[in-house]
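Structure file model_21.cif (mmCIF, C-alpha atoms) follows.
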```cif
data_query
loop_
_atom_site.label_atom_id
_atom_site.label_comp_id
_atom_site.auth_asym_id
_atom_site.auth_seq_id
_atom_site.Cartn_x
_atom_site.Cartn_y
_atom_site.Cartn_z
CA MET A 1284 31.82 -90.25 -73.22
CA ARG A 1285 29.16 -90.76 -75.89
CA THR A 1286 28.94 -94.49 -75.05
CA SER A 1287 28.47 -93.71 -71.38
CA ILE A 1288 25.77 -91.17 -72.12
CA VAL A 1289 23.90 -93.60 -74.34
CA ARG A 1290 24.21 -96.32 -71.69
CA ALA A 1291 22.88 -93.95 -69.03
CA ALA A 1292 19.99 -92.95 -71.29
CA LEU A 1293 19.19 -96.60 -71.92
CA ALA A 1294 19.32 -97.26 -68.20
CA VAL A 1295 16.72 -94.56 -67.60
CA ALA A 1296 14.62 -95.86 -70.48
CA ALA A 1297 14.75 -99.43 -69.18
CA LEU A 1298 13.83 -98.22 -65.74
CA LEU A 1299 10.78 -96.37 -66.96
CA ALA A 1300 9.73 -99.19 -69.24
CA SER A 1301 9.91 -101.70 -66.39
CA GLY A 1302 8.05 -99.51 -63.96
CA SER A 1303 10.08 -101.13 -61.19
CA PRO A 1304 11.30 -98.90 -58.41
CA LEU A 1305 15.05 -98.78 -57.99
CA LEU A 1306 14.45 -99.55 -54.34
CA ALA A 1307 17.91 -98.60 -53.19
CA HIS A 1308 17.14 -99.75 -49.66
CA HIS A 1309 15.62 -103.16 -50.29
CA SER A 1310 15.13 -105.58 -53.12
CA ALA A 1311 11.93 -105.50 -55.17
CA ALA A 1312 11.70 -109.29 -54.93
CA MET A 1313 8.38 -109.12 -53.08
CA PHE A 1314 6.68 -107.47 -56.06
CA ASP A 1315 5.50 -109.32 -59.15
CA ASP A 1316 7.01 -107.41 -62.04
CA LYS A 1317 5.03 -109.54 -64.51
CA LYS A 1318 1.71 -108.22 -63.23
CA THR A 1319 0.33 -104.70 -63.20
CA VAL A 1320 -2.65 -103.43 -61.25
CA GLU A 1321 -4.46 -100.18 -62.00
CA PHE A 1322 -7.13 -98.56 -59.87
CA GLU A 1323 -9.11 -95.40 -59.54
CA GLY A 1324 -9.19 -94.21 -55.96
CA VAL A 1325 -8.82 -91.37 -53.52
CA VAL A 1326 -5.65 -90.27 -51.75
CA LYS A 1327 -5.86 -91.22 -48.09
CA GLU A 1328 -2.34 -90.26 -47.02
CA PHE A 1329 1.00 -89.36 -48.57
CA GLN A 1330 3.86 -90.60 -46.39
CA LEU A 1331 6.97 -88.69 -47.50
CA THR A 1332 9.68 -90.68 -45.78
CA ASN A 1333 13.09 -92.20 -46.34
CA PRO A 1334 14.16 -94.51 -47.73
CA HIS A 1335 10.77 -94.91 -49.42
CA SER A 1336 7.60 -92.89 -49.64
CA TRP A 1337 4.13 -94.40 -49.66
CA LEU A 1338 1.00 -93.07 -51.30
CA LEU A 1339 -2.01 -94.62 -49.58
CA VAL A 1340 -5.05 -94.77 -51.82
CA ASP A 1341 -8.58 -95.85 -50.87
CA VAL A 1342 -10.04 -98.03 -53.58
CA THR A 1343 -13.73 -98.98 -53.63
CA ASN A 1344 -14.21 -102.60 -54.61
CA LYS A 1345 -17.04 -104.00 -56.71
CA ASP A 1346 -18.85 -105.15 -53.59
CA GLY A 1347 -18.77 -101.65 -52.15
CA SER A 1348 -16.06 -102.33 -49.58
CA VAL A 1349 -12.99 -100.13 -49.46
CA THR A 1350 -9.40 -101.35 -49.54
CA THR A 1351 -6.50 -99.08 -48.71
CA TRP A 1352 -3.68 -99.75 -51.17
CA GLY A 1353 -0.12 -98.62 -50.54
CA PHE A 1354 2.03 -97.57 -53.50
CA GLU A 1355 5.75 -97.48 -52.81
CA ALA A 1356 8.14 -95.00 -54.39
CA GLU A 1357 11.57 -93.57 -53.61
CA GLY A 1358 12.22 -90.97 -50.94
CA PRO A 1359 11.32 -87.28 -50.87
CA SER A 1360 14.33 -85.94 -52.77
CA THR A 1361 13.80 -88.28 -55.70
CA LEU A 1362 10.12 -87.36 -55.76
CA THR A 1363 11.09 -83.70 -55.75
CA ARG A 1364 13.30 -84.37 -58.77
CA ALA A 1365 10.27 -85.99 -60.42
CA GLY A 1366 8.16 -82.90 -59.73
CA ILE A 1367 5.99 -84.71 -57.19
CA ARG A 1368 5.12 -82.54 -54.19
CA PRO A 1369 2.68 -83.29 -51.38
CA SER A 1370 0.66 -80.23 -52.34
CA GLU A 1371 -0.06 -81.85 -55.72
CA LEU A 1372 -1.69 -84.91 -54.15
CA PRO A 1373 -3.52 -83.82 -50.99
CA VAL A 1374 -5.90 -86.06 -49.09
CA GLY A 1375 -9.05 -86.55 -51.14
CA THR A 1376 -7.41 -86.24 -54.55
CA LYS A 1377 -9.06 -88.54 -57.07
CA LEU A 1378 -6.60 -90.37 -59.24
CA ARG A 1379 -5.84 -93.40 -61.36
CA ILE A 1380 -2.70 -95.25 -60.30
CA SER A 1381 -0.81 -98.30 -61.53
CA GLY A 1382 1.96 -100.52 -60.19
CA HIS A 1383 3.36 -104.01 -59.81
CA PRO A 1384 1.49 -105.74 -56.97
CA MET A 1385 2.93 -107.84 -54.18
CA LYS A 1386 3.25 -111.54 -54.79
CA ASP A 1387 1.57 -112.45 -51.49
CA GLY A 1388 -1.68 -110.66 -52.27
CA ARG A 1389 -1.41 -107.87 -49.72
CA PRO A 1390 -2.70 -104.54 -51.11
CA ALA A 1391 0.59 -102.90 -51.89
CA ALA A 1392 2.37 -102.20 -55.16
CA THR A 1393 5.15 -100.22 -56.71
CA TRP A 1394 4.06 -96.77 -57.80
CA MET A 1395 4.48 -96.73 -61.54
CA GLU A 1396 2.29 -93.85 -62.65
CA ALA A 1397 -0.51 -91.83 -61.14
CA THR A 1398 -2.88 -89.62 -63.11
CA ARG A 1399 -4.80 -86.89 -61.31
CA LEU A 1400 -8.33 -87.15 -62.63
CA SER A 1401 -9.17 -83.46 -62.25
CA ASP A 1402 -6.67 -82.34 -64.87
CA GLY A 1403 -4.94 -85.42 -66.27
CA ARG A 1404 -1.56 -84.54 -64.80
CA LYS A 1405 0.74 -87.53 -64.47
CA PHE A 1406 3.10 -88.36 -61.62
CA ASN A 1407 5.88 -90.83 -62.34
CA PRO A 1408 8.37 -91.25 -59.45
CA LEU A 1409 10.96 -92.95 -61.64
CA ALA A 1410 11.36 -89.74 -63.62
CA GLY A 1411 13.20 -88.50 -60.53
CA PHE A 1412 16.25 -90.50 -61.52
CA ALA A 1413 16.72 -88.70 -64.81
CA VAL A 1414 19.61 -86.24 -64.82
CA ARG A 1415 18.51 -82.81 -65.88
CA MET B 279 -2.70 -92.09 -75.45
CA THR B 280 -1.85 -95.64 -74.40
CA ARG B 281 0.52 -96.37 -71.53
CA SER B 282 3.18 -97.70 -73.91
CA VAL B 283 2.99 -94.60 -76.08
CA ARG B 284 3.20 -92.39 -72.99
CA ALA B 285 6.19 -94.35 -71.72
CA ALA B 286 7.87 -94.06 -75.10
CA ALA B 287 7.27 -90.31 -75.10
CA ILE B 288 8.80 -89.95 -71.64
CA ILE B 289 11.78 -92.08 -72.61
CA ALA B 290 12.32 -90.08 -75.79
CA ALA B 291 12.19 -86.84 -73.82
CA LEU B 292 14.66 -88.11 -71.26
CA ILE B 293 17.08 -89.45 -73.86
CA GLY B 294 16.77 -86.17 -75.67
CA SER B 295 17.61 -84.22 -72.55
CA VAL B 296 20.60 -86.44 -71.87
CA ALA B 297 21.76 -86.13 -75.46
CA VAL B 298 21.49 -82.36 -75.31
CA SER B 299 23.46 -82.44 -72.10
CA ALA B 300 26.11 -84.60 -73.78
CA CYS B 301 26.42 -82.20 -76.70
CA SER B 302 26.62 -79.31 -74.31
CA ASN B 303 29.32 -81.05 -72.32
CA ALA B 304 31.26 -81.94 -75.45
CA SER B 305 31.35 -78.34 -76.58
CA ASP B 306 32.12 -76.99 -73.14
CA ARG B 307 35.26 -78.80 -72.15
CA THR B 308 36.89 -75.87 -70.48
CA THR B 309 37.23 -76.22 -66.75
CA VAL B 310 38.13 -73.00 -65.05
CA LEU B 311 41.22 -73.69 -62.99
CA ALA B 312 42.57 -71.59 -60.20
CA PRO B 313 45.64 -69.50 -61.02
CA GLY B 314 48.82 -71.51 -61.08
CA VAL B 315 47.02 -74.88 -60.97
CA GLU B 316 47.00 -77.06 -64.05
CA SER B 317 44.95 -80.24 -64.06
CA PRO B 318 43.04 -80.62 -67.29
CA PRO B 319 40.58 -83.52 -67.56
CA PRO B 320 41.07 -86.25 -70.19
CA GLN B 321 39.82 -85.44 -73.66
CA ASP B 322 39.62 -89.02 -74.94
CA VAL B 323 37.79 -90.89 -72.17
CA GLY B 324 38.07 -94.29 -73.83
CA ALA B 325 41.85 -94.03 -74.14
CA HIS B 326 42.02 -92.61 -70.64
CA LYS B 327 40.21 -95.64 -69.19
CA LYS B 328 42.60 -98.05 -70.89
CA GLU B 329 45.55 -96.07 -69.62
CA MET B 330 44.22 -96.00 -66.07
CA ALA B 331 43.36 -99.71 -66.08
CA ALA B 332 46.90 -100.46 -67.23
CA LEU B 333 48.28 -98.19 -64.52
CA GLY B 334 46.54 -100.23 -61.85
CA LEU B 335 48.11 -103.42 -63.16
CA LYS B 336 51.58 -101.98 -62.56
CA TYR B 337 51.08 -101.97 -58.81
CA LYS B 338 50.45 -104.94 -56.55
CA THR B 339 48.68 -103.00 -53.82
CA ALA B 340 46.61 -99.90 -53.40
CA VAL B 341 49.26 -98.45 -51.11
CA GLU B 342 51.89 -98.82 -53.83
CA LEU B 343 49.65 -97.18 -56.43
CA PHE B 344 48.84 -94.31 -54.08
CA GLN B 345 52.52 -93.83 -53.29
CA GLY B 346 53.37 -93.99 -57.01
CA LEU B 347 50.84 -91.27 -57.76
CA ARG B 348 52.15 -89.18 -54.87
CA ASP B 349 55.73 -89.55 -56.12
CA GLN B 350 54.60 -88.57 -59.61
CA ALA B 351 52.98 -85.46 -58.12
CA LYS B 352 56.13 -84.77 -56.10
CA GLY B 353 54.17 -85.10 -52.90
CA GLY B 354 51.22 -83.08 -54.17
CA GLN B 355 50.30 -79.54 -53.31
CA ARG B 356 48.62 -78.08 -50.30
CA LEU B 357 45.78 -75.96 -51.63
CA SER B 358 44.58 -72.77 -50.03
CA TRP B 359 41.04 -71.42 -49.90
CA SER B 360 41.78 -69.34 -53.00
CA THR B 361 43.13 -72.23 -55.06
CA LEU B 362 40.57 -74.94 -54.25
CA PRO B 363 38.47 -76.19 -57.16
CA ASP B 364 34.78 -75.36 -57.32
CA TRP B 365 32.84 -78.57 -56.72
CA SER B 366 29.76 -76.79 -55.42
CA GLY B 367 26.25 -77.83 -56.37
CA THR B 368 24.03 -80.86 -55.92
CA TYR B 369 25.07 -83.93 -57.86
CA THR B 370 23.88 -87.44 -58.52
CA ARG B 371 25.57 -90.47 -59.96
CA THR B 372 25.10 -90.96 -63.68
CA LEU B 373 22.55 -93.76 -63.78
CA ALA B 374 24.08 -97.15 -64.58
CA PRO B 375 22.06 -100.26 -65.44
CA GLY B 376 21.02 -101.91 -62.19
CA PHE B 377 23.34 -99.63 -60.20
CA ALA B 378 26.29 -101.63 -61.59
CA PHE B 379 29.61 -100.78 -59.98
CA ASP B 380 31.20 -100.47 -63.40
CA PRO B 381 29.12 -98.09 -65.51
CA ASP B 382 30.50 -99.87 -68.56
CA GLN B 383 28.85 -103.15 -67.60
CA PRO B 384 26.48 -104.14 -70.43
CA PRO B 385 22.80 -103.97 -69.36
CA ASP B 386 22.33 -107.74 -69.59
CA GLY B 387 25.93 -108.68 -68.86
CA LEU B 388 27.87 -109.70 -65.79
CA PRO B 389 30.03 -107.43 -63.65
CA THR B 390 33.38 -106.68 -65.26
CA ALA B 391 35.56 -107.58 -62.26
CA LYS B 392 38.10 -110.36 -62.69
CA LEU B 393 37.20 -112.47 -59.70
CA THR B 394 38.83 -115.39 -57.97
CA PRO B 395 36.91 -118.65 -58.53
CA GLU B 396 35.32 -118.54 -55.08
CA TYR B 397 34.05 -114.99 -55.46
CA ARG B 398 32.98 -115.52 -59.05
CA ALA B 399 30.86 -118.47 -57.93
CA LYS B 400 29.29 -116.32 -55.21
CA MET B 401 28.53 -113.58 -57.67
CA ILE B 402 27.03 -115.97 -60.25
CA LYS B 403 24.78 -117.46 -57.57
CA ARG B 404 23.62 -114.00 -56.53
CA VAL B 405 22.78 -113.09 -60.11
CA GLU B 406 20.98 -116.39 -60.76
CA ASP B 407 19.03 -116.13 -57.50
CA ALA B 408 17.90 -112.63 -58.41
CA LYS B 409 16.57 -113.92 -61.71
CA LYS B 410 14.48 -116.40 -59.70
CA GLY B 411 13.13 -113.63 -57.48
CA ILE B 412 15.40 -114.44 -54.55
CA GLU B 413 17.26 -111.35 -53.42
CA TRP B 414 18.38 -109.82 -50.16
CA ASP B 415 20.35 -106.64 -49.71
CA PRO B 416 22.34 -106.19 -46.48
CA ILE B 417 21.40 -102.51 -46.34
CA SER B 418 17.73 -103.50 -45.98
CA THR B 419 18.35 -103.39 -42.24
CA CYS B 420 19.28 -99.70 -42.62
CA ALA B 421 23.01 -100.40 -42.40
CA PRO B 422 25.10 -97.96 -44.43
CA PRO B 423 26.15 -99.07 -47.92
CA GLY B 424 29.81 -98.65 -47.01
CA HIS B 425 32.67 -97.94 -49.40
CA PRO B 426 33.31 -98.82 -52.23
CA ARG B 427 29.58 -99.43 -52.68
CA TRP B 428 29.19 -95.80 -51.58
CA LEU B 429 30.21 -94.84 -55.12
CA THR B 430 27.12 -96.44 -56.65
CA GLU B 431 24.15 -95.07 -54.72
CA PRO B 432 21.79 -92.99 -56.88
CA PHE B 433 20.69 -90.17 -54.60
CA LEU B 434 21.82 -86.60 -54.00
CA ARG B 435 25.45 -85.78 -53.35
CA GLU B 436 27.47 -82.79 -52.29
CA PHE B 437 31.23 -82.30 -52.28
CA ILE B 438 32.67 -79.92 -49.72
CA VAL B 439 36.26 -78.95 -50.41
CA THR B 440 38.49 -77.30 -47.82
CA PRO B 441 42.28 -77.12 -47.59
CA ASP B 442 42.57 -79.77 -44.87
CA GLN B 443 39.59 -82.04 -45.57
CA THR B 444 37.23 -82.84 -48.39
CA TRP B 445 33.81 -84.22 -47.52
CA LEU B 446 32.21 -86.53 -50.05
CA ILE B 447 28.55 -86.60 -49.06
CA ASN B 448 25.92 -89.08 -50.09
CA GLU B 449 22.39 -88.21 -48.99
CA MET B 450 21.58 -91.86 -48.26
CA VAL B 451 21.79 -92.50 -44.50
CA ASN B 452 23.66 -89.19 -44.11
CA ASP B 453 26.79 -90.88 -45.40
CA ILE B 454 29.89 -88.66 -45.32
CA ARG B 455 33.38 -89.74 -46.33
CA ARG B 456 36.02 -87.44 -44.87
CA ILE B 457 39.20 -87.25 -46.91
CA TYR B 458 42.09 -85.83 -44.90
CA THR B 459 44.47 -83.75 -46.99
CA ASP B 460 46.40 -82.16 -44.13
CA GLY B 461 49.32 -84.53 -44.47
CA ARG B 462 48.31 -87.05 -41.82
CA ASP B 463 48.88 -90.76 -42.37
CA HIS B 464 46.49 -93.64 -41.81
CA VAL B 465 45.76 -94.96 -38.35
CA PRO B 466 48.55 -97.35 -37.25
CA ALA B 467 47.86 -100.91 -38.32
CA ALA B 468 47.58 -102.16 -34.76
CA ASP B 469 44.77 -99.69 -34.06
CA ARG B 470 42.65 -100.35 -37.12
CA TYR B 471 39.18 -101.87 -37.03
CA PRO B 472 36.62 -102.32 -39.79
CA LEU B 473 34.72 -99.19 -40.79
CA TYR B 474 31.84 -98.74 -43.22
CA ASP B 475 33.56 -95.94 -45.12
CA GLY B 476 37.11 -96.75 -44.06
CA ASP B 477 39.92 -94.34 -43.34
CA SER B 478 40.77 -91.98 -46.20
CA ILE B 479 43.82 -89.80 -46.71
CA GLY B 480 44.59 -87.82 -49.83
CA PHE B 481 46.59 -85.14 -51.56
CA TRP B 482 45.96 -82.62 -54.30
CA ASP B 483 47.71 -82.92 -57.65
CA GLY B 484 46.61 -79.67 -59.24
CA HIS B 485 42.83 -79.91 -59.16
CA LYS B 486 42.88 -83.68 -58.92
CA LEU B 487 42.16 -85.16 -55.49
CA VAL B 488 43.98 -88.47 -55.02
CA ILE B 489 42.60 -90.68 -52.23
CA HIS B 490 43.67 -93.87 -50.54
CA THR B 491 41.12 -95.71 -48.39
CA ASN B 492 41.70 -98.69 -46.14
CA GLN B 493 40.23 -100.10 -42.93
CA LEU B 494 37.01 -101.15 -44.64
CA ARG B 495 34.32 -103.70 -43.80
CA ALA B 496 33.32 -106.53 -46.10
CA GLY B 497 30.29 -105.89 -48.25
CA ILE B 498 28.81 -106.08 -51.71
CA TYR B 499 29.42 -103.65 -54.58
CA GLN B 500 25.67 -103.62 -55.20
CA ARG B 501 22.84 -106.07 -55.70
CA SER B 502 23.70 -108.60 -58.46
CA GLN B 503 27.31 -107.49 -58.02
CA PRO B 504 30.28 -109.25 -56.36
CA ASP B 505 31.28 -109.31 -52.70
CA TYR B 506 34.32 -107.53 -51.37
CA THR B 507 36.24 -108.54 -48.28
CA ASP B 508 37.55 -106.60 -45.31
CA GLN B 509 40.92 -106.53 -47.08
CA VAL B 510 39.54 -104.24 -49.78
CA GLU B 511 41.36 -100.95 -50.37
CA THR B 512 40.79 -98.29 -52.99
CA VAL B 513 42.64 -95.52 -54.76
CA GLU B 514 40.58 -92.78 -56.37
CA ILE B 515 41.36 -89.72 -58.46
CA TRP B 516 38.55 -87.18 -58.44
CA GLN B 517 38.38 -84.17 -60.73
CA LYS B 518 35.99 -82.08 -62.76
CA ALA B 519 35.51 -83.62 -66.21
CA ASP B 520 33.55 -80.60 -67.35
CA ASP B 521 31.55 -77.84 -65.74
CA LYS B 522 28.70 -80.20 -64.80
CA THR B 523 30.53 -83.45 -64.22
CA LEU B 524 32.75 -84.79 -61.47
CA ALA B 525 34.62 -87.92 -62.47
CA ALA B 526 36.42 -90.46 -60.33
CA ASP B 527 38.97 -92.97 -61.57
CA VAL B 528 38.75 -95.82 -59.09
CA TRP B 529 41.00 -98.81 -58.51
CA VAL B 530 39.87 -101.53 -56.12
CA TYR B 531 42.41 -103.95 -54.67
CA ASP B 532 41.07 -106.98 -52.81
CA PRO B 533 43.33 -110.04 -53.13
CA PRO B 534 40.89 -112.65 -51.76
CA ALA B 535 38.19 -111.61 -54.25
CA LEU B 536 39.96 -109.97 -57.20
CA VAL B 537 42.70 -111.53 -59.31
CA GLU B 538 43.67 -108.04 -60.45
CA PRO B 539 42.65 -104.52 -59.47
CA TRP B 540 39.18 -103.56 -60.67
CA TYR B 541 39.37 -100.23 -62.45
CA VAL B 542 36.15 -98.29 -63.04
CA ARG B 543 35.38 -94.68 -63.90
CA GLN B 544 32.45 -93.15 -62.06
CA THR B 545 30.78 -89.89 -63.01
CA TYR B 546 28.45 -87.63 -61.07
CA GLN B 547 26.29 -85.01 -62.76
CA ARG B 548 25.49 -81.64 -61.24
CA LEU B 549 21.72 -81.29 -61.26
CA SER B 550 20.05 -78.27 -62.73
CA ASP B 551 18.10 -76.62 -59.95
CA PRO B 552 17.01 -73.17 -61.10
CA GLU B 553 14.20 -72.98 -58.55
CA LYS B 554 16.52 -74.14 -55.74
CA ASN B 555 14.23 -77.01 -54.77
CA LEU B 556 16.94 -79.57 -54.04
CA ARG B 557 17.93 -79.95 -50.43
CA ILE B 558 19.70 -82.76 -48.64
CA ARG B 559 17.70 -83.59 -45.52
CA TYR B 560 18.45 -85.81 -42.57
CA TRP B 561 17.83 -89.41 -43.69
CA ASP B 562 16.13 -91.47 -40.99
CA CYS B 563 16.07 -94.91 -42.55
CA ALA B 564 13.75 -96.38 -39.91
CA GLU B 565 11.17 -93.59 -39.72
CA ASN B 566 8.40 -95.47 -41.54
CA GLN B 567 7.29 -98.93 -40.42
CA ASN B 568 6.02 -99.61 -43.93
CA ASN B 569 9.63 -99.83 -45.11
CA SER B 570 10.57 -102.56 -42.64
CA VAL B 571 11.58 -105.80 -44.32
CA PHE B 572 13.02 -109.13 -43.24
CA GLN B 573 14.95 -111.93 -44.88
CA THR B 574 12.76 -114.92 -45.62
CA ASN B 575 13.78 -118.52 -45.07
CA THR B 576 14.49 -118.76 -48.80
CA GLY B 577 16.92 -115.87 -48.53
CA SER B 578 14.68 -113.32 -50.20
CA THR B 579 13.02 -110.10 -49.02
CA GLN B 580 9.56 -109.55 -47.56
CA PHE B 581 7.75 -106.67 -45.91
CA LYS B 582 6.72 -106.87 -42.30
CA ASP B 583 3.21 -105.74 -41.39
CA PHE B 584 1.96 -102.57 -43.00
CA THR B 585 0.29 -99.80 -41.06
CA PHE B 586 -2.43 -99.48 -43.69
CA THR B 587 -3.74 -103.04 -43.80
CA LYS B 588 -5.96 -104.95 -41.45
CA ASP B 589 -4.83 -108.35 -40.25
CA GLY B 590 -5.00 -110.80 -43.11
CA GLN B 591 -6.41 -108.22 -45.50
CA LYS B 592 -5.78 -108.97 -49.14
CA GLY B 593 -6.15 -106.68 -52.08
CA LYS B 594 -9.08 -107.13 -54.44
CA PRO B 595 -7.68 -106.21 -57.83
#
```
Translate the structure of the given file into structure tokens.
Amino acid sequence: MRTSIVRAALAVAALLASGSPLLAHHSAAMFDDKKTVEFEGVVKEFQLTNPHSWLLVDVTNKDGSVTTWGFEAEGPSTLTRAGIRPSELPVGTKLRISGHPMKDGRPAATWMEATRLSDGRKFNPLAGFAVR
Amino acid sequence: MTRSVRAAAIIAALIGSVAVSACSNASDRTTVLAPGVESPPPQDVGAHKKEMAALGLKYKTAVELFQGLRDQAKGGQRLSWSTLPDWSGTYTRTLAPGFAFDPDQPPDGLPTAKLTPEYRAKMIKRVEDAKKGIEWDPISTCAPPGHPRWLTEPFLREFIVTPDQTWLINEMVNDIRRIYTDGRDHVPAADRYPLYDGDSIGFWDGHKLVIHTNQLRAGIYQRSQPDYTDQVETVEIWQKADDKTLAADVWVYDPPALVEPWYVRQTYQRLSDPEKNLRIRYWDCAENQNNSVFQTNTGSTQFKDFTFTKDGQKGKP
């Protein structure tokens, strides 16, 4: 039993360290797990859906234009387990968010970690896979 | 605090919580059994696994193993509402590296199944392709995982026990396996057709639920795991390992793919939910266009068009 527990703990640790979503519906092959992007932006929409949820964030570029980035995470129940509720990230919330971007350059990424700028609270979807 | 330090802190906290849980489980081995029903869980899990793996080798088919277990249980018992075990609560599978079918698979190792040369070659190719970023999962089309892959999915689970049926529920795509314990047999061979979760019959041996499943479709055990064929059959023994853990001894028989039965032990942890936040909802796999993917001409996975991008729009990181 101890070996299994340690292996499970290591699995969670590896998951968090990689920042890769488990993506139980589709492979993560379209994301570049060797690159990480991080932006400050404003929540445009939080799509709580199965099998994956999307946090859409408006990011202002250096030239003043705005790009809407999509950050993919697991579905609503896993987010609930991670303590992430829609009421915590309403439209207009300013945050800093990081993830592995798509290989083809489209503005989408895995959702690794978001930090709400108003109070520094962090939102990590992968924490939803920990057994508590 | 840097990202790496934060990640380390989170990891330490999680490992700590798991370790506390393990200590708690170790000191709380007593499962409350209904009066007159004796079915204690194994105390030495390592020895138990070896014993169960050896048991599988004694039987050539899943049917023979199931029958052997039924004979050993003298046909099993028919439980009443007052003698059913308490499997209530919301569970999830104990996380295994990469969703591996065998939780004992080393994090950087290969699946533990003893495969025929053809199926080993298939599995090696799948693993090597994944390392090159080429990966496609058949459930990307929103098809159900199917059994035995059903055992591996990491979402919420509930287990509904009644005298005549037990429902093993996986939140993902509203996937319910019905285990008939009312004494019925399988569907006659001439009437069988491939099913995602197969046809399952079972009996109770004390508080152990013994299940035989046939009539399955071909599939994969998980990504970077082997294939199974439509000849696959399983035998499972489910029971409480401790107050918070349901354990399943599983034997997979699949002659075209396996040179011997693949024995694994799966565990599912009851989640702490003091605020009663956890609910299993209807799972509509196709509700969000942003989750639509297709298989590329290289055999990998790619998103279709997103709702949030303009045509040809690229990110400006």
Could you check which of B:Trp445, B:Asn569, B:Gln500, B:Leu335 is closest to B:Glu413, using only C-alpha atoms?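 Closest to B:Glu413 of all the choices is B:Gln500.
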Near-B:Pro416 list (10 Å; only C-alpha atoms; drop same-chain fewer than 2 positions) as a VMD selection string: (chain A and resid 1308 to 1310) or (chain B and resid 414 418 to 423 497 to 498 500 to 501 573)
Apply the PyMOL selection byres ((chain B and resi 571) around 6) to the structure shown and report the selected residues as a PyMOL selection string. chain B and resi 570+572+580-582
Here's the selection I'm unsure about, the PyMOL selection byres ((chain B and resi 405-408) around 12); applied to the file above, which residues does it give, as a short mmCIF file (atom, residue, chain, number, x, y, z; two decimals) with C-alpha atoms, keeping the file's coordinate frame?
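Final file, selection-v1.cif:
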```cif
data_model
loop_
_atom_site.label_atom_id
_atom_site.label_comp_id
_atom_site.auth_asym_id
_atom_site.auth_seq_id
_atom_site.Cartn_x
_atom_site.Cartn_y
_atom_site.Cartn_z
CA SER A 1310 15.13 -105.58 -53.12
CA ALA A 1311 11.93 -105.50 -55.17
CA ALA A 1312 11.70 -109.29 -54.93
CA MET A 1313 8.38 -109.12 -53.08
CA GLY B 376 21.02 -101.91 -62.19
CA ASP B 386 22.33 -107.74 -69.59
CA GLY B 387 25.93 -108.68 -68.86
CA LEU B 388 27.87 -109.70 -65.79
CA PRO B 389 30.03 -107.43 -63.65
CA ARG B 398 32.98 -115.52 -59.05
CA ALA B 399 30.86 -118.47 -57.93
CA LYS B 400 29.29 -116.32 -55.21
CA MET B 401 28.53 -113.58 -57.67
CA ILE B 402 27.03 -115.97 -60.25
CA LYS B 403 24.78 -117.46 -57.57
CA ARG B 404 23.62 -114.00 -56.53
CA LYS B 409 16.57 -113.92 -61.71
CA LYS B 410 14.48 -116.40 -59.70
CA GLY B 411 13.13 -113.63 -57.48
CA ILE B 412 15.40 -114.44 -54.55
CA GLU B 413 17.26 -111.35 -53.42
CA TRP B 414 18.38 -109.82 -50.16
CA ASP B 415 20.35 -106.64 -49.71
CA GLN B 500 25.67 -103.62 -55.20
CA ARG B 501 22.84 -106.07 -55.70
CA SER B 502 23.70 -108.60 -58.46
CA GLN B 503 27.31 -107.49 -58.02
CA PRO B 504 30.28 -109.25 -56.36
CA ASP B 505 31.28 -109.31 -52.70
CA THR B 576 14.49 -118.76 -48.80
CA GLY B 577 16.92 -115.87 -48.53
CA SER B 578 14.68 -113.32 -50.20
CA THR B 579 13.02 -110.10 -49.02
#
```
So, with only C-alpha atoms as the atoms that count, which of B:Ala391, B:Met450, B:Val465, B:Val513 lies closest to B:Ala378?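 Checking each of B:Ala391, B:Met450, B:Val465, B:Val513 against B:Ala378, counting only C-alpha atoms, the winner is B:Ala391.
Contact shell of B:Gln493 at 8 Å (all atoms listed in the file; same-chain neighbours under 5 positions omitted): Arg470, Tyr471, Pro472, Leu473, Gly476, Asp477, Asp508, Gln509 and Glu511 of chain B.
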Complete stretch 1354-1360 of chain A with N, CA and C atoms (output as a tab-separated table (two decimals), in the coordinates of the input).
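Result file follows (out-v2.tsv):
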```tsv
chain	number	residue	atom	x	y	z
A	1354	PHE	N	1.16	-97.59	-52.30
A	1354	PHE	CA	2.03	-97.57	-53.50
A	1354	PHE	C	3.39	-97.01	-53.09
A	1355	GLU	N	4.41	-97.82	-53.29
A	1355	GLU	CA	5.75	-97.48	-52.81
A	1355	GLU	C	6.57	-96.78	-53.89
A	1356	ALA	N	7.26	-95.72	-53.46
A	1356	ALA	CA	8.14	-95.00	-54.39
A	1356	ALA	C	9.43	-94.67	-53.63
A	1357	GLU	N	10.33	-93.96	-54.28
A	1357	GLU	CA	11.57	-93.57	-53.61
A	1357	GLU	C	11.29	-92.42	-52.63
A	1358	GLY	N	12.35	-91.96	-51.99
A	1358	GLY	CA	12.22	-90.97	-50.94
A	1358	GLY	C	11.91	-89.57	-51.45
A	1359	PRO	N	11.77	-88.63	-50.53
A	1359	PRO	CA	11.32	-87.28	-50.87
A	1359	PRO	C	12.19	-86.56	-51.91
A	1360	SER	N	13.51	-86.72	-51.82
A	1360	SER	CA	14.33	-85.94	-52.77
A	1360	SER	C	14.16	-86.44	-54.20
```
